[in-house]
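K.L.:
Here you go, this is protein_31.cif (mmCIF, C-alpha atoms and all ligand atoms).
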data_query
#
loop_
_atom_site.label_atom_id
_atom_site.label_comp_id
_atom_site.auth_asym_id
_atom_site.auth_seq_id
_atom_site.Cartn_x
_atom_site.Cartn_y
_atom_site.Cartn_z
CA MET A 1 -26.06 24.78 2.30
CA LYS A 2 -22.80 23.07 1.36
CA ALA A 3 -21.85 20.23 3.71
CA PRO A 4 -18.69 21.02 5.70
CA ILE A 5 -15.89 18.46 5.19
CA ALA A 6 -12.32 18.13 6.48
CA VAL A 7 -9.77 17.13 3.84
CA TYR A 8 -6.65 15.29 5.01
CA GLY A 9 -3.54 14.24 3.09
CA SER A 10 -1.44 15.74 0.31
CA VAL A 11 -2.76 13.83 -2.70
CA TRP A 12 -5.28 16.45 -3.77
CA PRO A 13 -4.30 18.71 -6.71
CA ASP A 14 -5.29 22.39 -6.45
CA GLU A 15 -7.77 22.12 -9.37
CA LEU A 16 -9.50 19.24 -7.66
CA LEU A 17 -9.75 21.13 -4.38
CA ALA A 18 -11.17 24.10 -6.27
CA ALA A 19 -13.81 21.84 -7.86
CA LEU A 20 -14.52 20.23 -4.49
CA GLU A 21 -15.11 23.65 -2.95
CA THR A 22 -18.03 24.21 -5.34
CA ARG A 23 -19.82 21.24 -3.73
CA PHE A 24 -18.58 21.25 -0.12
CA ALA A 25 -17.37 23.74 2.47
CA CYS A 26 -13.82 22.36 2.56
CA HIS A 27 -11.41 22.62 5.45
CA VAL A 28 -8.11 21.61 3.85
CA MET A 29 -5.98 20.55 6.79
CA ALA A 30 -2.65 20.52 4.91
CA ARG A 31 -3.08 24.23 4.08
CA MET A 32 -3.58 25.30 7.69
CA THR A 33 -0.93 26.72 9.97
CA PRO A 34 -0.79 25.20 13.48
CA ALA A 35 -2.72 28.24 14.79
CA GLU A 36 -5.38 27.84 12.11
CA THR A 37 -5.66 24.12 12.92
CA ALA A 38 -6.14 24.91 16.60
CA ALA A 39 -8.82 27.50 15.73
CA PHE A 40 -10.54 25.00 13.42
CA PHE A 41 -10.83 22.46 16.22
CA GLU A 42 -12.10 25.17 18.60
CA THR A 43 -14.99 26.12 16.34
CA ALA A 44 -15.62 24.74 12.81
CA ALA A 45 -14.81 21.09 13.57
CA ALA A 46 -18.07 20.80 15.50
CA GLN A 47 -20.00 21.29 12.23
CA VAL A 48 -17.94 18.91 10.04
CA ARG A 49 -20.10 16.15 8.51
CA GLY A 50 -17.56 14.43 6.24
CA VAL A 51 -13.87 13.56 6.25
CA LEU A 52 -11.89 12.91 3.08
CA THR A 53 -8.61 11.19 3.95
CA THR A 54 -5.99 8.86 2.49
CA GLY A 55 -5.08 5.24 3.12
CA THR A 56 -1.88 6.23 4.87
CA VAL A 57 -3.17 9.23 6.88
CA GLY A 58 -6.44 7.51 7.83
CA ILE A 59 -8.42 8.63 10.89
CA ASP A 60 -8.28 7.23 14.40
CA ALA A 61 -11.00 7.22 17.05
CA ALA A 62 -9.52 10.21 18.89
CA LEU A 63 -9.56 12.39 15.78
CA ALA A 64 -13.04 11.20 14.79
CA ALA A 65 -14.25 12.14 18.29
CA ARG A 66 -13.41 15.77 17.51
CA PHE A 67 -16.10 15.73 14.79
CA PRO A 68 -19.36 15.13 16.71
CA LEU A 69 -21.57 15.47 13.60
CA LEU A 70 -19.43 13.18 11.42
CA GLU A 71 -21.52 11.07 8.99
CA ILE A 72 -19.01 9.72 6.47
CA VAL A 73 -15.28 9.05 6.12
CA SER A 74 -14.19 8.65 2.52
CA VAL A 75 -10.76 7.01 2.20
CA HIS A 76 -8.62 7.55 -0.90
CA GLY A 77 -6.96 4.13 -0.99
CA VAL A 78 -7.87 0.51 -0.44
CA GLY A 79 -5.92 -0.12 2.80
CA LEU A 80 -7.87 0.62 5.97
CA ASP A 81 -5.24 -0.10 8.61
CA ALA A 82 -4.97 3.60 9.52
CA VAL A 83 -8.75 3.92 9.93
CA ASP A 84 -10.46 2.91 13.18
CA ILE A 85 -13.38 1.22 11.44
CA GLN A 86 -14.82 -0.25 14.62
CA ALA A 87 -15.01 3.11 16.35
CA LEU A 88 -16.52 4.76 13.27
CA HIS A 89 -19.08 2.03 12.66
CA ALA A 90 -20.00 2.04 16.36
CA ARG A 91 -21.03 5.69 15.85
CA GLY A 92 -22.97 4.79 12.70
CA ILE A 93 -20.49 6.63 10.48
CA VAL A 94 -20.29 5.40 6.86
CA VAL A 95 -16.75 4.43 5.78
CA THR A 96 -15.80 4.09 2.12
CA ASN A 97 -12.55 3.21 0.33
CA THR A 98 -11.42 2.87 -3.30
CA PRO A 99 -11.07 -0.85 -4.13
CA ASP A 100 -10.65 -2.26 -7.65
CA VAL A 101 -9.58 0.94 -9.41
CA LEU A 102 -5.97 0.52 -8.23
CA THR A 103 -5.68 -3.29 -8.32
CA GLU A 104 -4.02 -3.66 -11.72
CA ASP A 105 -1.47 -0.89 -11.23
CA VAL A 106 -0.46 -2.14 -7.78
CA ALA A 107 -0.12 -5.68 -9.18
CA ASP A 108 2.03 -4.30 -12.01
CA LEU A 109 4.37 -2.70 -9.48
CA ALA A 110 4.66 -5.99 -7.57
CA VAL A 111 5.77 -7.70 -10.78
CA ALA A 112 8.10 -4.83 -11.68
CA LEU A 113 9.73 -5.13 -8.24
CA LEU A 114 9.97 -8.91 -8.53
CA LEU A 115 11.68 -8.57 -11.91
CA ALA A 116 13.94 -5.79 -10.64
CA ALA A 117 15.08 -8.02 -7.75
CA ALA A 118 15.41 -11.18 -9.84
CA ARG A 119 17.21 -9.52 -12.75
CA ARG A 120 19.11 -7.14 -10.45
CA LEU A 121 18.13 -4.08 -12.49
CA PRO A 122 19.25 -1.36 -10.04
CA GLN A 123 22.60 -3.11 -9.54
CA LEU A 124 23.11 -3.39 -13.31
CA ASP A 125 22.15 0.25 -13.81
CA ARG A 126 24.72 1.27 -11.18
CA TYR A 127 27.31 -1.04 -12.81
CA VAL A 128 26.90 0.55 -16.25
CA ARG A 129 26.83 4.15 -14.94
CA ALA A 130 29.98 3.58 -12.87
CA GLY A 131 31.91 2.43 -15.93
CA HIS A 132 32.36 -1.11 -14.57
CA TRP A 133 31.25 -2.66 -17.88
CA ALA A 134 34.02 -1.00 -19.86
CA ALA A 135 36.46 -1.82 -17.06
CA LYS A 136 35.42 -5.50 -17.31
CA ARG A 137 34.60 -5.70 -13.60
CA PRO A 138 33.05 -9.04 -12.50
CA LEU A 139 29.26 -9.26 -12.70
CA LEU A 140 26.90 -11.64 -10.90
CA PRO A 141 24.32 -13.50 -13.01
CA ALA A 142 20.64 -12.85 -12.28
CA ARG A 143 17.90 -15.39 -11.52
CA SER A 144 15.18 -16.57 -13.89
CA LEU A 145 11.46 -16.76 -13.11
CA ARG A 146 10.34 -19.71 -15.25
CA GLY A 147 9.68 -22.81 -13.17
CA LYS A 148 10.05 -20.94 -9.87
CA VAL A 149 7.45 -20.70 -7.12
CA ALA A 150 5.79 -17.37 -6.32
CA GLY A 151 4.29 -17.45 -2.82
CA ILE A 152 1.59 -14.83 -2.36
CA TYR A 153 0.78 -13.78 1.18
CA GLY A 154 -2.77 -12.39 0.95
CA TYR A 155 -4.82 -13.74 -1.95
CA GLY A 156 -7.35 -10.95 -2.32
CA ARG A 157 -7.92 -8.76 -5.35
CA ILE A 158 -4.31 -7.60 -5.62
CA GLY A 159 -2.77 -10.98 -4.74
CA GLN A 160 -4.85 -12.68 -7.43
CA ALA A 161 -3.96 -10.01 -10.01
CA VAL A 162 -0.28 -10.64 -9.20
CA ALA A 163 -0.81 -14.38 -9.68
CA THR A 164 -2.40 -13.84 -13.11
CA ARG A 165 0.67 -11.92 -14.22
CA LEU A 166 3.24 -14.33 -12.77
CA ARG A 167 1.59 -17.36 -14.38
CA ALA A 168 2.45 -15.74 -17.75
CA PHE A 169 6.12 -15.90 -16.69
CA GLY A 170 5.84 -19.66 -16.19
CA MET A 171 5.83 -19.44 -12.39
CA ALA A 172 3.93 -21.80 -10.09
CA ILE A 173 1.59 -20.03 -7.65
CA ARG A 174 1.06 -20.84 -3.99
CA TYR A 175 -0.59 -18.61 -1.40
CA PHE A 176 -1.36 -18.19 2.25
CA GLN A 177 -3.98 -16.18 4.09
CA ARG A 178 -5.78 -16.92 7.33
CA SER A 179 -9.24 -17.22 5.78
CA ALA A 180 -10.13 -19.73 3.09
CA GLY A 181 -9.74 -18.37 -0.42
CA PRO A 182 -10.19 -19.29 -4.07
CA GLU A 183 -8.18 -22.18 -5.56
CA PRO A 184 -7.93 -24.02 -2.20
CA ALA A 185 -5.36 -26.47 -3.59
CA LEU A 186 -2.84 -23.61 -3.82
CA ARG A 187 -3.21 -22.58 -0.17
CA THR A 188 -0.45 -23.60 2.24
CA ALA A 189 -0.96 -24.46 5.91
CA SER A 190 0.96 -21.46 7.23
CA LEU A 191 2.96 -18.43 6.16
CA GLN A 192 6.18 -20.19 7.13
CA ALA A 193 5.23 -23.19 4.96
CA LEU A 194 4.55 -20.78 2.09
CA ALA A 195 7.98 -19.17 2.51
CA ALA A 196 9.67 -22.58 2.63
CA GLU A 197 8.04 -23.56 -0.69
CA SER A 198 8.65 -20.21 -2.41
CA ASP A 199 11.49 -18.71 -4.39
CA TYR A 200 9.75 -15.32 -4.28
CA LEU A 201 7.46 -14.28 -1.43
CA LEU A 202 5.09 -11.44 -2.33
CA VAL A 203 3.35 -9.59 0.50
CA CYS A 204 -0.14 -8.52 -0.67
CA THR A 205 -2.06 -8.80 2.62
CA PRO A 206 -3.80 -5.93 4.44
CA GLY A 207 -1.83 -4.25 7.22
CA GLY A 208 -3.03 -3.75 10.78
CA ALA A 209 -2.73 -5.59 14.08
CA ALA A 210 -3.66 -9.01 12.63
CA THR A 211 -0.66 -9.10 10.28
CA ARG A 212 1.89 -7.01 12.19
CA HIS A 213 5.37 -8.54 11.83
CA ALA A 214 3.86 -11.72 10.35
CA VAL A 215 6.91 -11.88 8.10
CA ASP A 216 9.43 -12.41 10.90
CA ALA A 217 12.93 -13.90 11.14
CA ALA A 218 11.59 -17.46 10.94
CA VAL A 219 9.64 -16.73 7.75
CA LEU A 220 12.64 -14.98 6.20
CA ASP A 221 14.89 -17.92 7.09
CA ALA A 222 12.37 -20.28 5.50
CA LEU A 223 12.56 -18.19 2.31
CA GLY A 224 16.31 -18.55 2.49
CA PRO A 225 19.49 -17.30 0.80
CA ASP A 226 18.18 -17.96 -2.72
CA GLY A 227 14.81 -16.39 -1.93
CA SER A 228 13.52 -12.86 -2.48
CA LEU A 229 10.88 -10.84 -0.64
CA VAL A 230 8.59 -8.34 -2.40
CA ASN A 231 6.35 -6.04 -0.31
CA ILE A 232 3.74 -3.79 -1.91
CA ALA A 233 1.28 -4.00 1.01
CA ARG A 234 2.24 -2.37 4.29
CA GLY A 235 5.62 -2.01 5.98
CA SER A 236 4.10 -3.17 9.26
CA VAL A 237 3.62 -6.71 7.92
CA VAL A 238 7.40 -7.28 7.82
CA ASP A 239 9.72 -7.17 10.83
CA GLN A 240 12.05 -4.67 9.18
CA ALA A 241 14.92 -5.12 11.66
CA ALA A 242 14.83 -8.89 11.09
CA LEU A 243 14.74 -8.26 7.33
CA VAL A 244 17.83 -6.04 7.43
CA ASP A 245 19.65 -8.66 9.55
CA ALA A 246 18.73 -11.48 7.16
CA LEU A 247 19.75 -9.51 4.06
CA ALA A 248 23.02 -8.30 5.61
CA ALA A 249 23.96 -11.80 6.74
CA GLY A 250 23.08 -13.40 3.38
CA ARG A 251 20.35 -15.52 5.00
CA LEU A 252 17.90 -13.91 2.54
CA GLY A 253 18.82 -13.33 -1.11
CA ALA A 254 17.13 -10.03 -1.94
CA ALA A 255 14.21 -7.74 -1.16
CA ALA A 256 12.17 -5.33 -3.25
CA LEU A 257 10.14 -2.97 -1.09
CA ASP A 258 7.57 -0.29 -1.82
CA VAL A 259 6.48 0.09 1.80
CA PHE A 260 8.32 0.53 5.08
CA GLU A 261 7.66 0.49 8.81
CA ASP A 262 8.14 4.22 9.44
CA GLU A 263 7.47 5.89 6.09
CA PRO A 264 9.08 7.98 4.73
CA ASN A 265 12.00 7.16 7.04
CA LEU A 266 14.31 4.23 6.32
CA PRO A 267 16.93 2.74 8.60
CA PRO A 268 20.34 3.66 7.11
CA ALA A 269 21.32 -0.03 7.31
CA LEU A 270 18.52 -0.91 4.88
CA ALA A 271 19.37 1.84 2.38
CA ALA A 272 23.04 0.79 2.51
CA LEU A 273 22.37 -2.78 1.34
CA ASP A 274 23.15 -3.68 -2.27
CA ASN A 275 20.65 -6.54 -2.53
CA VAL A 276 17.54 -4.37 -2.16
CA VAL A 277 15.30 -2.42 -4.53
CA LEU A 278 13.45 0.45 -2.89
CA THR A 279 10.50 2.54 -4.11
CA PRO A 280 8.59 5.26 -2.17
CA HIS A 281 5.08 3.71 -1.69
CA VAL A 282 3.97 4.22 -5.28
CA GLY A 283 1.87 1.13 -6.08
CA SER A 284 -1.18 3.20 -7.02
CA PHE A 285 0.79 6.27 -8.09
CA THR A 286 -0.09 6.35 -11.80
CA HIS A 287 -2.07 9.09 -13.55
CA GLU A 288 -4.83 6.59 -14.28
CA ALA A 289 -5.19 4.92 -10.87
CA ARG A 290 -4.94 8.17 -8.93
CA GLN A 291 -7.50 9.88 -11.15
CA ALA A 292 -9.91 6.97 -10.65
CA MET A 293 -9.23 6.85 -6.89
CA ARG A 294 -9.88 10.58 -6.49
CA ALA A 295 -13.07 10.36 -8.54
CA LEU A 296 -14.38 7.42 -6.52
CA ALA A 297 -13.48 8.98 -3.16
CA ILE A 298 -15.38 12.15 -4.13
CA ASP A 299 -18.30 10.29 -5.71
CA ASN A 300 -18.77 8.48 -2.40
CA LEU A 301 -19.14 11.83 -0.64
CA LEU A 302 -21.46 13.19 -3.34
CA ALA A 303 -23.66 10.08 -3.15
CA HIS A 304 -23.91 10.26 0.63
CA PHE A 305 -24.70 13.97 0.79
CA GLY A 306 -27.06 13.59 -2.18
CA GLY A 307 -29.12 11.17 -0.10
CA ARG A 308 -27.97 8.05 -2.00
CA PRO A 309 -26.05 5.04 -0.66
CA ALA A 310 -22.26 5.32 -0.91
CA LEU A 311 -20.78 3.50 -3.91
CA THR A 312 -18.09 1.48 -2.16
CA PRO A 313 -18.93 1.27 1.54
CA VAL A 314 -16.77 -0.80 3.87
CA LEU A 315 -19.13 -3.26 5.51
CA PRO A 316 -19.10 -3.70 9.31
C1 LIG B 1 -1.87 5.09 -1.33
C2 LIG B 1 -2.40 2.74 -0.50
O1 LIG B 1 -0.53 5.29 -1.08
O2 LIG B 1 -4.53 2.17 -1.35
C3 LIG B 1 -3.75 2.10 -0.41
O3 LIG B 1 -4.03 1.47 0.61
O4 LIG B 1 -1.55 2.47 0.26
C4 LIG B 1 -2.11 3.67 -1.59
O5 LIG B 1 -2.89 3.51 -2.69
C5 LIG B 1 -2.64 5.92 -0.37
O6 LIG B 1 -3.76 5.38 0.16
C6 LIG B 1 -2.93 7.22 -1.06
O7 LIG B 1 -3.99 7.88 -0.54
#
As structure tokens - that is how I would like this structure written.
Ligand code: 8YV

P.N.:
Amino acid sequence: MKAPIAVYGSVWPDELLAALETRFACHVMARMTPAETAAFFETAAAQVRGVLTTGTVGIDAALAARFPLLEIVSVHGVGLDAVDIQALHARGIVVTNTPDVLTEDVADLAVALLLAAARRLPQLDRYVRAGHWAAKRPLLPARSLRGKVAGIYGYGRIGQAVATRLRAFGMAIRYFQRSAGPEPALRTASLQALAAESDYLLVCTPGGAATRHAVDAAVLDALGPDGSLVNIARGSVVDQAALVDALAAGRLGAAALDVFEDEPNLPPALAALDNVVLTPHVGSFTHEARQAMRALAIDNLLAHFGGRPALTPVLP
């Protein structure tokens, strides 16, 4: 008998769902009407043994409680801030995510955003398209990277991959995270100290309660009017209202953001600023990374239901 699973999120192509249906009895939540969803929870949910979800949709304890036979939650993504790991582990449920396969592409986007902010690419693109070049309108010079300090908040896999890239640009690396990490001489005493030392502050830390609004007004002021913030991690890490205030007042130079506090919604005041570069949470959104993430998320389910240990379990 095929194991019944609930599939959450909108990252699953039709062909993949068709292939998945040959191995599992799939309940694809995004395809259900509200009435079908209600009927699913009345009846079929009681038999569901696996959940396939995404890093941003996740699964909280209340939702997990509606699946009494749940054995495994496979997360498509590395971030686990939307997943109530404690509640799942307390029930003995296996949780897996997709580390490593997205690291390089997410690090590439961090560097692309840093360059876009430093070299003012969106502003220059707008300048050329508007005919300001031909009209000889004034143009602000950009900022170079060589000899500048990149401060990395969160020196895990992605933070270290960002550092490798930025060293090739001649940047000095410093980092902060609460736990000890590699290259201890590069670690600052606090996030505020990191911001004070940095020309560019790159947020690469996991989201969740422990880092919520860690990048606050004081950190942004320490980064200062010549500093730039890059966030490819989670919108929750940055106090977005404080960020908009700092950018609007010129207390912070620029920001390049892939993630936001209330995705996909943006405060109009943020979108109206000229000194920002904005992308729609696309760090891992390449053909290659997404293909590898999907394969790993599904292989974790296949391993578990084939009686083997999951490939990339999240440890308690
Ligand atoms: C995705 C992510 O946007 O890996 C993560 O934590 O934020 C992203 O890769 C998301 O998880 C897609 O499922």

K.L.:
Between A:Ala130, A:Leu296, A:Ala118, A:Cys204, which is the closest to A:Gly253 once you count all atoms listed in the file?

P.N.:
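For A:Gly253, the nearest of the given residues is A:Ala118.
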
K.L.:
Return as number ranges by chain the residues of protein, DNA or RNA that approach ligand LIG 1 (chain B) to within 10 Å, with all atoms listed in the file taken into account.

P.N.:
A: 8-12, 53-58, 75-82, 97-103, 105-106, 206-207, 232-234, 258-259, 280-286, 289-290, 293-294, 297

K.L.:
Output C-alpha atoms for every residue in that selection, as a PDB file, keeping the file's coordinate frame.

P.N.:
ATOM      1  CA  TYR A   8      -6.650  15.290   5.010  1.00  0.00           C
ATOM      2  CA  GLY A   9      -3.540  14.240   3.090  1.00  0.00           C
ATOM      3  CA  SER A  10      -1.440  15.740   0.310  1.00  0.00           C
ATOM      4  CA  VAL A  11      -2.760  13.830  -2.700  1.00  0.00           C
ATOM      5  CA  TRP A  12      -5.280  16.450  -3.770  1.00  0.00           C
ATOM      6  CA  THR A  53      -8.610  11.190   3.950  1.00  0.00           C
ATOM      7  CA  THR A  54      -5.990   8.860   2.490  1.00  0.00           C
ATOM      8  CA  GLY A  55      -5.080   5.240   3.120  1.00  0.00           C
ATOM      9  CA  THR A  56      -1.880   6.230   4.870  1.00  0.00           C
ATOM     10  CA  VAL A  57      -3.170   9.230   6.880  1.00  0.00           C
ATOM     11  CA  GLY A  58      -6.440   7.510   7.830  1.00  0.00           C
ATOM     12  CA  VAL A  75     -10.760   7.010   2.200  1.00  0.00           C
ATOM     13  CA  HIS A  76      -8.620   7.550  -0.900  1.00  0.00           C
ATOM     14  CA  GLY A  77      -6.960   4.130  -0.990  1.00  0.00           C
ATOM     15  CA  VAL A  78      -7.870   0.510  -0.440  1.00  0.00           C
ATOM     16  CA  GLY A  79      -5.920  -0.120   2.800  1.00  0.00           C
ATOM     17  CA  LEU A  80      -7.870   0.620   5.970  1.00  0.00           C
ATOM     18  CA  ASP A  81      -5.240  -0.100   8.610  1.00  0.00           C
ATOM     19  CA  ALA A  82      -4.970   3.600   9.520  1.00  0.00           C
ATOM     20  CA  ASN A  97     -12.550   3.210   0.330  1.00  0.00           C
ATOM     21  CA  THR A  98     -11.420   2.870  -3.300  1.00  0.00           C
ATOM     22  CA  PRO A  99     -11.070  -0.850  -4.130  1.00  0.00           C
ATOM     23  CA  ASP A 100     -10.650  -2.260  -7.650  1.00  0.00           C
ATOM     24  CA  VAL A 101      -9.580   0.940  -9.410  1.00  0.00           C
ATOM     25  CA  LEU A 102      -5.970   0.520  -8.230  1.00  0.00           C
ATOM     26  CA  THR A 103      -5.680  -3.290  -8.320  1.00  0.00           C
ATOM     27  CA  ASP A 105      -1.470  -0.890 -11.230  1.00  0.00           C
ATOM     28  CA  VAL A 106      -0.460  -2.140  -7.780  1.00  0.00           C
ATOM     29  CA  PRO A 206      -3.800  -5.930   4.440  1.00  0.00           C
ATOM     30  CA  GLY A 207      -1.830  -4.250   7.220  1.00  0.00           C
ATOM     31  CA  ILE A 232       3.740  -3.790  -1.910  1.00  0.00           C
ATOM     32  CA  ALA A 233       1.280  -4.000   1.010  1.00  0.00           C
ATOM     33  CA  ARG A 234       2.240  -2.370   4.290  1.00  0.00           C
ATOM     34  CA  ASP A 258       7.570  -0.290  -1.820  1.00  0.00           C
ATOM     35  CA  VAL A 259       6.480   0.090   1.800  1.00  0.00           C
ATOM     36  CA  PRO A 280       8.590   5.260  -2.170  1.00  0.00           C
ATOM     37  CA  HIS A 281       5.080   3.710  -1.690  1.00  0.00           C
ATOM     38  CA  VAL A 282       3.970   4.220  -5.280  1.00  0.00           C
ATOM     39  CA  GLY A 283       1.870   1.130  -6.080  1.00  0.00           C
ATOM     40  CA  SER A 284      -1.180   3.200  -7.020  1.00  0.00           C
ATOM     41  CA  PHE A 285       0.790   6.270  -8.090  1.00  0.00           C
ATOM     42  CA  THR A 286      -0.090   6.350 -11.800  1.00  0.00           C
ATOM     43  CA  ALA A 289      -5.190   4.920 -10.870  1.00  0.00           C
ATOM     44  CA  ARG A 290      -4.940   8.170  -8.930  1.00  0.00           C
ATOM     45  CA  MET A 293      -9.230   6.850  -6.890  1.00  0.00           C
ATOM     46  CA  ARG A 294      -9.880  10.580  -6.490  1.00  0.00           C
ATOM     47  CA  ALA A 297     -13.480   8.980  -3.160  1.00  0.00           C
TER      48      ALA A 297
END

K.L.:
What is the atom CA of A:Glu71-atom CA of A:Pro13 distance in Å, reported with one decimal?

P.N.:
24.5 Å

K.L.:
Taking into account only C-alpha atoms, which residue in the set A:Arg137, A:Arg129, A:Arg119, A:Arg31 is nearest to A:Val277?

P.N.:
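Nearest to A:Val277: A:Arg119.
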
K.L.:
Distance atom CA of A:Gln240-atom CA of A:Ala217, one decimal place?

P.N.:
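Taking atom CA of A:Gln240 as the start and atom CA of A:Ala217 as the end point, the length is 9.5 Å.
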
K.L.:
Excluding stretch 219-224 of chain A and its own-chain neighbours fewer than 5 positions away, which residues fall within 9 Å of it when counting all atoms listed in the file? Please give them as a ChimeraX atom specification.

P.N.:
/A:191-201,214,229,242-243,246,250-253

K.L.:
I'd like the contact shell of stretch 166-176 of chain A - 6 Å cut-off, all atoms listed in the file, skipping same-chain residues fewer than 3 positions apart - returned as a list in words.

P.N.:
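Neighbouring residues, sequence-local ones excluded: Arg146, Gly147, Lys148, Val149, Ala150, Gly151, Ile152, Tyr153, Ala163, Leu186, Arg187, Thr188 and Leu191 of chain A.
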
K.L.:
Using only C-alpha atoms, which residue out of A:Arg66, A:Thr164, A:Glu21, A:Phe305 lies closest to A:Glu42?

P.N.:
A:Arg66

K.L.:
Do you have the atom CA of A:Val73-atom CA of A:Ile93 distance handy?

P.N.:
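These atoms are spaced 7.2 Å apart.
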
K.L.:
Have a look at A:Val48, A:Leu257, A:Ala295, A:Leu315 and name the one nearest to A:Gln86; count only C-alpha atoms.

P.N.:
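Nearest to A:Gln86: A:Leu315.
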
K.L.:
Excluding A:Ser236 and its own-chain neighbours fewer than 5 positions away, which residues fall within 8 Å of it when counting only C-alpha atoms? Please give them as a list in words.

P.N.:
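Result of the neighbour search: Gly207, Gly208, Thr211, Arg212, His213, Phe260 and Glu261 of chain A.
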
K.L.:
When you count all atoms listed in the file, which of these residues is closest to A:Gly156: A:Ala248, A:Ala135, A:Leu273, A:Ala107?

P.N.:
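Of all the options, A:Ala107 lies closest to A:Gly156.
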
K.L.:
Missing atoms in stretch 50-62 of chain A: can you complete it with N, CA, C and O atoms, as a PDB file, in the coordinates of the input?

P.N.:
ATOM      1  N   GLY A  50     -18.283  15.429   7.040  1.00  0.00           N
ATOM      2  CA  GLY A  50     -17.560  14.430   6.240  1.00  0.00           C
ATOM      3  C   GLY A  50     -16.064  14.607   6.380  1.00  0.00           C
ATOM      4  O   GLY A  50     -15.588  15.721   6.600  1.00  0.00           O
ATOM      5  N   VAL A  51     -15.335  13.496   6.278  1.00  0.00           N
ATOM      6  CA  VAL A  51     -13.870  13.560   6.250  1.00  0.00           C
ATOM      7  C   VAL A  51     -13.409  12.842   4.987  1.00  0.00           C
ATOM      8  O   VAL A  51     -13.863  11.728   4.690  1.00  0.00           O
ATOM      9  N   LEU A  52     -12.529  13.516   4.242  1.00  0.00           N
ATOM     10  CA  LEU A  52     -11.890  12.910   3.080  1.00  0.00           C
ATOM     11  C   LEU A  52     -10.431  12.712   3.495  1.00  0.00           C
ATOM     12  O   LEU A  52      -9.754  13.684   3.862  1.00  0.00           O
ATOM     13  N   THR A  53      -9.969  11.460   3.477  1.00  0.00           N
ATOM     14  CA  THR A  53      -8.610  11.190   3.950  1.00  0.00           C
ATOM     15  C   THR A  53      -7.952  10.162   3.029  1.00  0.00           C
ATOM     16  O   THR A  53      -8.551   9.732   2.049  1.00  0.00           O
ATOM     17  N   THR A  54      -6.716   9.803   3.339  1.00  0.00           N
ATOM     18  CA  THR A  54      -5.990   8.860   2.490  1.00  0.00           C
ATOM     19  C   THR A  54      -5.751   7.562   3.258  1.00  0.00           C
ATOM     20  O   THR A  54      -5.896   7.515   4.489  1.00  0.00           O
ATOM     21  N   GLY A  55      -5.336   6.536   2.506  1.00  0.00           N
ATOM     22  CA  GLY A  55      -5.080   5.240   3.120  1.00  0.00           C
ATOM     23  C   GLY A  55      -3.965   5.306   4.153  1.00  0.00           C
ATOM     24  O   GLY A  55      -3.989   4.565   5.140  1.00  0.00           O
ATOM     25  N   THR A  56      -3.004   6.181   3.937  1.00  0.00           N
ATOM     26  CA  THR A  56      -1.880   6.230   4.870  1.00  0.00           C
ATOM     27  C   THR A  56      -2.139   7.195   6.029  1.00  0.00           C
ATOM     28  O   THR A  56      -1.715   6.942   7.149  1.00  0.00           O
ATOM     29  N   VAL A  57      -2.857   8.287   5.786  1.00  0.00           N
ATOM     30  CA  VAL A  57      -3.170   9.230   6.880  1.00  0.00           C
ATOM     31  C   VAL A  57      -4.297   8.646   7.749  1.00  0.00           C
ATOM     32  O   VAL A  57      -4.210   8.631   8.978  1.00  0.00           O
ATOM     33  N   GLY A  58      -5.348   8.155   7.101  1.00  0.00           N
ATOM     34  CA  GLY A  58      -6.440   7.510   7.830  1.00  0.00           C
ATOM     35  C   GLY A  58      -7.159   8.446   8.784  1.00  0.00           C
ATOM     36  O   GLY A  58      -7.153   9.677   8.626  1.00  0.00           O
ATOM     37  N   ILE A  59      -7.775   7.859   9.803  1.00  0.00           N
ATOM     38  CA  ILE A  59      -8.420   8.630  10.890  1.00  0.00           C
ATOM     39  C   ILE A  59      -8.584   7.680  12.072  1.00  0.00           C
ATOM     40  O   ILE A  59      -9.099   6.567  11.918  1.00  0.00           O
ATOM     41  N   ASP A  60      -8.112   8.100  13.236  1.00  0.00           N
ATOM     42  CA  ASP A  60      -8.280   7.230  14.400  1.00  0.00           C
ATOM     43  C   ASP A  60      -9.473   7.700  15.233  1.00  0.00           C
ATOM     44  O   ASP A  60     -10.099   8.727  14.931  1.00  0.00           O
ATOM     45  N   ALA A  61      -9.789   6.931  16.262  1.00  0.00           N
ATOM     46  CA  ALA A  61     -11.000   7.220  17.050  1.00  0.00           C
ATOM     47  C   ALA A  61     -10.900   8.582  17.727  1.00  0.00           C
ATOM     48  O   ALA A  61     -11.894   9.317  17.818  1.00  0.00           O
ATOM     49  N   ALA A  62      -9.690   8.941  18.185  1.00  0.00           N
ATOM     50  CA  ALA A  62      -9.520  10.210  18.890  1.00  0.00           C
ATOM     51  C   ALA A  62      -9.799  11.388  17.959  1.00  0.00           C
ATOM     52  O   ALA A  62     -10.468  12.360  18.348  1.00  0.00           O
TER      53      ALA A  62
END
